[in-house]
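*Asks:* Below you'll find the structure I mean.
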Amino acid sequence: MGTKRQLAILGSTGSIGTQALQVVAEHADLFEIYALTAHRNVDLLIEQARRFSPEAVVIADESLYPKLKEALSDKPIKTYAGSEAIAQIVEAQPIDMVLTAMMGYAGLYPTIRAIKAGKAIALANKETLVVAGELITRLAYEHRVPIIPVDSEHSAIFQCLAGENNNAIDKIILTASGGPFRTLSAEALRHVTKNEALKHPNWKMGAKITIDSASMMNKGFEVIEAQWLFNVAPEQIEVVVHPQSIVHSMVQFQDGAIKAQLGLPNMKLPIQYAFSYPHRLPSADPKPRMEDYMTLTFERPDTERFPLLGYAYDAMRRGGNMPCIMNAANEIVVDAFLHDRIAFTDMPRLIARAMEQVAFVASPTYDDYVATDHETRCLTREWI
Ligand code: MN
């Protein structure tokens, strides 16, 4: 790499965004920040801008713009606000790669704009592929844009596929930690609290994805994400519960061989690999020692207690706008659960209702996705 790789980080103040900036700081000879965007955390965005001196920063919440502009008025940094500004900034000519690390459905539109502008995508926003995987993968193909996964499981699979050229995948084996409620009975799950759900045993992440991990919705999303990233059929994707979170995922080939990628639960490695692919860079972070992990266990997931994993397979097989419906309902119910308005076990019940009642569209356009998302959110809010 001759000149420094220019990066745009969407969602720079979140868990992935802040770790991405650590990677950039550790490899300042290779990477440079062109743009940072955040939803609402304007204080941290200002701090990051002063430290990394990007060309531009964008705050999604327009009411926070005066504060952003004022705080950076002594710096040659352009400041913008609003979701359209985020979609515009990713098109800036010098940007080589866009890391999509914002939360939820909001990631879809700027990702489409970045692909159309020919930017390589480091994909951390899995909802983009859950909602509109067909559209996104088609656009990426048409614009010859690589989508490099940042999700740890998909990064593991991507790493397993390096050097395999076109050897056919027999099966993708996604590992799941099982979350904090892995061993709880169906009855006990009815009474779990928000704070219990927010205590993930292995990974430190944002609140929304931590709840999705506890419900196994996250693993369901990852199954759909894998379908699009690796062009495999639903029956080629298997989930195994692996409570130690050391094997990040596996690929089985036609000859029966299984390749796995192992590591500590640390998102900096998949982020760094996406930034530097196909090269590997040094890391000063703790490295796994096999003698510390003498016992690695694997078990079948229980879709009776964790129905959302099964619903995700249903949505994937049904296709069309069904995964979009599931995602929109999930964003509403997770928010309601985080505000103590519904029980943990109400989440799958409400999502199932949305999947039954919202109008099915077999071949959705972008506008259909927008309409489905809106309709599902309105209906699900009414039921809460
Ligand atoms: Mn993951």
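Please note that chains go A, B, ... in the order of the structure tokens, that every chain numbers its residues from 1, and that ligands are numbered from 1 in the order shown.
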Might you pull out every residue within 8 Å of A:His374, with only C-alpha atoms counted and same-chain residues fewer than 4 positions away left off, and present them as a list in words?
*Replies:*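 Contacts, with the query itself left out: Ala328, Val370 and Cys378 of chain A.
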*Asks:* Keeping only N, CA and C atoms, write the selected residues to a file as a compact mmCIF listing (two decimals), in the first residue's frame.
*Replies:*
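The result, stored in out_8.txt:
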# COMPACT_ATOMS: atom_id res chain seq x y z
N ALA A 328 -37.60 -5.00 11.27
CA ALA A 328 -38.28 -3.80 11.75
C ALA A 328 -39.01 -4.08 13.06
N VAL A 370 -38.61 0.36 2.15
CA VAL A 370 -38.89 1.53 2.98
C VAL A 370 -40.33 1.47 3.51
N CYS A 378 -44.99 0.80 12.62
CA CYS A 378 -46.26 1.37 13.11
C CYS A 378 -47.12 0.30 13.76
*Asks:* Could you give me, as a list in words, each residue of stretch 121-186 of chain A that DSSP assigns to alpha helix (DSSP H) when run on this structure's backbone?
*Replies:* Glu127, Thr128, Leu129, Val130, Val131, Ala132, Gly133, Glu134, Leu135, Ile136, Thr137, Arg138, Leu139, Ala140, Tyr141, Glu142, Ser152, Glu153, His154, Ser155, Ala156, Ile157, Phe158, Gln159, Cys160, Leu161 and Ala186 of chain A
*Asks:* Deliver the residues from the most recent selection as a file, using N, CA and C atoms, as an mmCIF file, in the first residue's frame.
*Replies:*
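What ended up in selection.cif:
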data_model
loop_
_atom_site.group_PDB
_atom_site.id
_atom_site.type_symbol
_atom_site.label_atom_id
_atom_site.label_comp_id
_atom_site.auth_asym_id
_atom_site.auth_seq_id
_atom_site.Cartn_x
_atom_site.Cartn_y
_atom_site.Cartn_z
ATOM 1 N N GLU A 127 -27.778 -5.515 9.668
ATOM 2 C CA GLU A 127 -29.172 -5.286 9.290
ATOM 3 C C GLU A 127 -29.291 -4.909 7.812
ATOM 4 N N THR A 128 -28.262 -4.275 7.259
ATOM 5 C CA THR A 128 -28.266 -3.931 5.833
ATOM 6 C C THR A 128 -28.514 -5.166 4.976
ATOM 7 N N LEU A 129 -27.810 -6.252 5.263
ATOM 8 C CA LEU A 129 -27.975 -7.469 4.466
ATOM 9 C C LEU A 129 -29.218 -8.241 4.864
ATOM 10 N N VAL A 130 -29.619 -8.135 6.136
ATOM 11 C CA VAL A 130 -30.844 -8.814 6.563
ATOM 12 C C VAL A 130 -32.035 -8.210 5.828
ATOM 13 N N VAL A 131 -32.101 -6.884 5.816
ATOM 14 C CA VAL A 131 -33.247 -6.187 5.236
ATOM 15 C C VAL A 131 -33.258 -6.319 3.715
ATOM 16 N N ALA A 132 -32.125 -6.110 3.078
ATOM 17 C CA ALA A 132 -32.108 -5.956 1.617
ATOM 18 C C ALA A 132 -30.908 -6.671 0.993
ATOM 19 N N GLY A 133 -30.679 -7.895 1.416
ATOM 20 C CA GLY A 133 -29.493 -8.630 0.960
ATOM 21 C C GLY A 133 -29.424 -8.793 -0.541
ATOM 22 N N GLU A 134 -30.581 -9.049 -1.149
ATOM 23 C CA GLU A 134 -30.594 -9.285 -2.595
ATOM 24 C C GLU A 134 -30.183 -8.020 -3.345
ATOM 25 N N LEU A 135 -30.785 -6.893 -2.936
ATOM 26 C CA LEU A 135 -30.491 -5.603 -3.558
ATOM 27 C C LEU A 135 -29.011 -5.226 -3.359
ATOM 28 N N ILE A 136 -28.535 -5.363 -2.150
ATOM 29 C CA ILE A 136 -27.164 -4.949 -1.831
ATOM 30 C C ILE A 136 -26.140 -5.805 -2.578
ATOM 31 N N THR A 137 -26.341 -7.117 -2.597
ATOM 32 C CA THR A 137 -25.349 -7.958 -3.267
ATOM 33 C C THR A 137 -25.394 -7.738 -4.789
ATOM 34 N N ARG A 138 -26.574 -7.459 -5.316
ATOM 35 C CA ARG A 138 -26.652 -7.177 -6.757
ATOM 36 C C ARG A 138 -25.932 -5.870 -7.091
ATOM 37 N N LEU A 139 -26.187 -4.828 -6.275
ATOM 38 C CA LEU A 139 -25.516 -3.546 -6.502
ATOM 39 C C LEU A 139 -23.999 -3.686 -6.379
ATOM 40 N N ALA A 140 -23.561 -4.432 -5.381
ATOM 41 C CA ALA A 140 -22.112 -4.599 -5.178
ATOM 42 C C ALA A 140 -21.491 -5.299 -6.375
ATOM 43 N N TYR A 141 -22.222 -6.271 -6.925
ATOM 44 C CA TYR A 141 -21.745 -6.990 -8.106
ATOM 45 C C TYR A 141 -21.669 -6.040 -9.306
ATOM 46 N N GLU A 142 -22.733 -5.272 -9.511
ATOM 47 C CA GLU A 142 -22.785 -4.353 -10.657
ATOM 48 C C GLU A 142 -21.698 -3.286 -10.587
ATOM 49 N N SER A 152 -17.809 -10.872 13.504
ATOM 50 C CA SER A 152 -16.699 -11.794 13.797
ATOM 51 C C SER A 152 -16.893 -13.167 13.147
ATOM 52 N N GLU A 153 -18.136 -13.657 13.121
ATOM 53 C CA GLU A 153 -18.396 -14.977 12.519
ATOM 54 C C GLU A 153 -18.117 -14.951 11.025
ATOM 55 N N HIS A 154 -18.581 -13.874 10.372
ATOM 56 C CA HIS A 154 -18.443 -13.793 8.917
ATOM 57 C C HIS A 154 -17.012 -13.470 8.523
ATOM 58 N N SER A 155 -16.326 -12.713 9.361
ATOM 59 C CA SER A 155 -14.898 -12.500 9.141
ATOM 60 C C SER A 155 -14.161 -13.830 9.247
ATOM 61 N N ALA A 156 -14.567 -14.654 10.203
ATOM 62 C CA ALA A 156 -13.936 -15.980 10.373
ATOM 63 C C ALA A 156 -14.127 -16.816 9.112
ATOM 64 N N ILE A 157 -15.345 -16.821 8.579
ATOM 65 C CA ILE A 157 -15.639 -17.592 7.367
ATOM 66 C C ILE A 157 -14.839 -17.028 6.194
ATOM 67 N N PHE A 158 -14.825 -15.713 6.086
ATOM 68 C CA PHE A 158 -14.071 -15.025 5.037
ATOM 69 C C PHE A 158 -12.583 -15.406 5.118
ATOM 70 N N GLN A 159 -12.053 -15.470 6.337
ATOM 71 C CA GLN A 159 -10.652 -15.867 6.523
ATOM 72 C C GLN A 159 -10.449 -17.338 6.148
ATOM 73 N N CYS A 160 -11.429 -18.192 6.474
ATOM 74 C CA CYS A 160 -11.337 -19.613 6.107
ATOM 75 C C CYS A 160 -11.350 -19.800 4.591
ATOM 76 N N LEU A 161 -12.006 -18.884 3.884
ATOM 77 C CA LEU A 161 -12.127 -19.012 2.429
ATOM 78 C C LEU A 161 -10.914 -18.446 1.693
ATOM 79 N N ALA A 186 -37.535 -22.411 29.803
ATOM 80 C CA ALA A 186 -38.511 -21.550 29.119
ATOM 81 C C ALA A 186 -39.260 -20.703 30.143
#
*Asks:* Fewer than 2 positions away in the same chain doesn't count, so skip those; otherwise give me all residues within 9 Å of A:Ala81, counting only C-alpha atoms, as a list in words.
*Replies:* Val57, Val58, Ile59, Ala60, Asp61, Glu62, Ser63, Leu64, Tyr65, Thr79, Ser83, Glu84, Ala85 and Ile86 of chain A
*Asks:* Could you please extract the residues within 12 Å of ligand 1, counting only C-alpha atoms and all ligand atoms, and hand them back as a PyMOL selection string?
*Replies:* chain A and resi 16+123-127+149-157+174-179+202-205+209-210+212-213+216-226+245+247-249+265-267+270
*Asks:* Convert the current residue selection to file output with C-alpha atoms, as a PDB file, in the first residue's frame.
*Replies:*
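Result file again32.pdb:
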ATOM      1  CA  ILE A  16     -17.318  -0.957  16.604  1.00  0.00           C
ATOM      2  CA  LEU A 123     -19.748  -4.250   6.651  1.00  0.00           C
ATOM      3  CA  ALA A 124     -20.445  -4.125  10.373  1.00  0.00           C
ATOM      4  CA  ASN A 125     -24.129  -3.208  10.036  1.00  0.00           C
ATOM      5  CA  LYS A 126     -25.627  -6.671   9.507  1.00  0.00           C
ATOM      6  CA  GLU A 127     -29.172  -5.286   9.290  1.00  0.00           C
ATOM      7  CA  PRO A 149     -17.478  -8.663   6.594  1.00  0.00           C
ATOM      8  CA  VAL A 150     -16.624  -7.240  10.001  1.00  0.00           C
ATOM      9  CA  ASP A 151     -19.059  -9.387  11.994  1.00  0.00           C
ATOM     10  CA  SER A 152     -16.699 -11.794  13.797  1.00  0.00           C
ATOM     11  CA  GLU A 153     -18.396 -14.977  12.519  1.00  0.00           C
ATOM     12  CA  HIS A 154     -18.443 -13.793   8.917  1.00  0.00           C
ATOM     13  CA  SER A 155     -14.898 -12.500   9.141  1.00  0.00           C
ATOM     14  CA  ALA A 156     -13.936 -15.980  10.373  1.00  0.00           C
ATOM     15  CA  ILE A 157     -15.639 -17.592   7.367  1.00  0.00           C
ATOM     16  CA  LEU A 174     -21.794 -20.351  12.500  1.00  0.00           C
ATOM     17  CA  THR A 175     -20.878 -20.458  16.156  1.00  0.00           C
ATOM     18  CA  ALA A 176     -23.076 -18.795  18.788  1.00  0.00           C
ATOM     19  CA  SER A 177     -22.119 -18.147  22.389  1.00  0.00           C
ATOM     20  CA  GLY A 178     -25.696 -18.891  23.463  1.00  0.00           C
ATOM     21  CA  GLY A 179     -25.752 -15.614  25.391  1.00  0.00           C
ATOM     22  CA  ASN A 202     -18.035 -13.045  26.399  1.00  0.00           C
ATOM     23  CA  TRP A 203     -18.521  -9.962  24.241  1.00  0.00           C
ATOM     24  CA  LYS A 204     -18.754  -6.301  25.176  1.00  0.00           C
ATOM     25  CA  MET A 205     -21.075  -4.643  22.646  1.00  0.00           C
ATOM     26  CA  ILE A 209     -26.918  -6.203  19.709  1.00  0.00           C
ATOM     27  CA  THR A 210     -26.494  -7.478  23.281  1.00  0.00           C
ATOM     28  CA  ASP A 212     -30.282  -9.567  20.095  1.00  0.00           C
ATOM     29  CA  SER A 213     -27.582 -11.961  21.341  1.00  0.00           C
ATOM     30  CA  MET A 216     -30.575 -15.322  19.540  1.00  0.00           C
ATOM     31  CA  MET A 217     -32.130 -12.896  17.037  1.00  0.00           C
ATOM     32  CA  ASN A 218     -28.552 -11.839  16.388  1.00  0.00           C
ATOM     33  CA  LYS A 219     -27.632 -15.369  15.292  1.00  0.00           C
ATOM     34  CA  GLY A 220     -30.713 -15.477  13.095  1.00  0.00           C
ATOM     35  CA  PHE A 221     -29.610 -12.224  11.444  1.00  0.00           C
ATOM     36  CA  GLU A 222     -26.149 -13.693  10.978  1.00  0.00           C
ATOM     37  CA  VAL A 223     -27.579 -16.743   9.206  1.00  0.00           C
ATOM     38  CA  ILE A 224     -29.242 -14.405   6.686  1.00  0.00           C
ATOM     39  CA  GLU A 225     -26.091 -12.283   6.479  1.00  0.00           C
ATOM     40  CA  ALA A 226     -24.090 -15.436   5.657  1.00  0.00           C
ATOM     41  CA  SER A 245     -16.531 -17.964  21.862  1.00  0.00           C
ATOM     42  CA  VAL A 247     -13.939 -20.696  17.464  1.00  0.00           C
ATOM     43  CA  HIS A 248     -15.460 -17.764  15.592  1.00  0.00           C
ATOM     44  CA  SER A 249     -17.019 -19.909  12.833  1.00  0.00           C
ATOM     45  CA  PRO A 265     -13.493 -12.375  21.544  1.00  0.00           C
ATOM     46  CA  ASN A 266     -12.088  -9.023  20.345  1.00  0.00           C
ATOM     47  CA  MET A 267     -13.613  -7.098  17.444  1.00  0.00           C
ATOM     48  CA  PRO A 270     -12.001  -8.519  12.225  1.00  0.00           C
TER      49      PRO A 270
END
*Asks:* Determine which residues of stretch 15-142 of chain A receive a DSSP assignment of strand (DSSP E), computed from the backbone, and state them as a list in words.
*Replies:*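 Selecting the strand (DSSP E) positions of stretch 15-142 of chain A gives Phe31, Glu32, Ile33, Tyr34, Ala35, Leu36, Thr37, Ala38, Ala56, Val57, Val58, Ile59, Lys78, Thr79, Tyr80, Ala81, Met97, Val98, Leu99, Thr100, Ala120, Ile121, Ala122 and Leu123 of chain A.
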*Asks:* Near A:Tyr277, counting only C-alpha atoms, which residues have an atom at most 12 Å away, once you skip same-chain residues fewer than 2 positions from it, shown as a list in words?
*Replies:*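 My reading of the contact set: Met1, Arg5, Met97, Ala120, Ile121, Ala122, Pro146, Ile147, Ile148, Pro149, Val150, Ser155, Phe158, Gln159, Ala162, Leu269, Pro270, Ile271, Gln272, Tyr273, Ala274, Phe275, His279, Arg280 and Leu281 of chain A.
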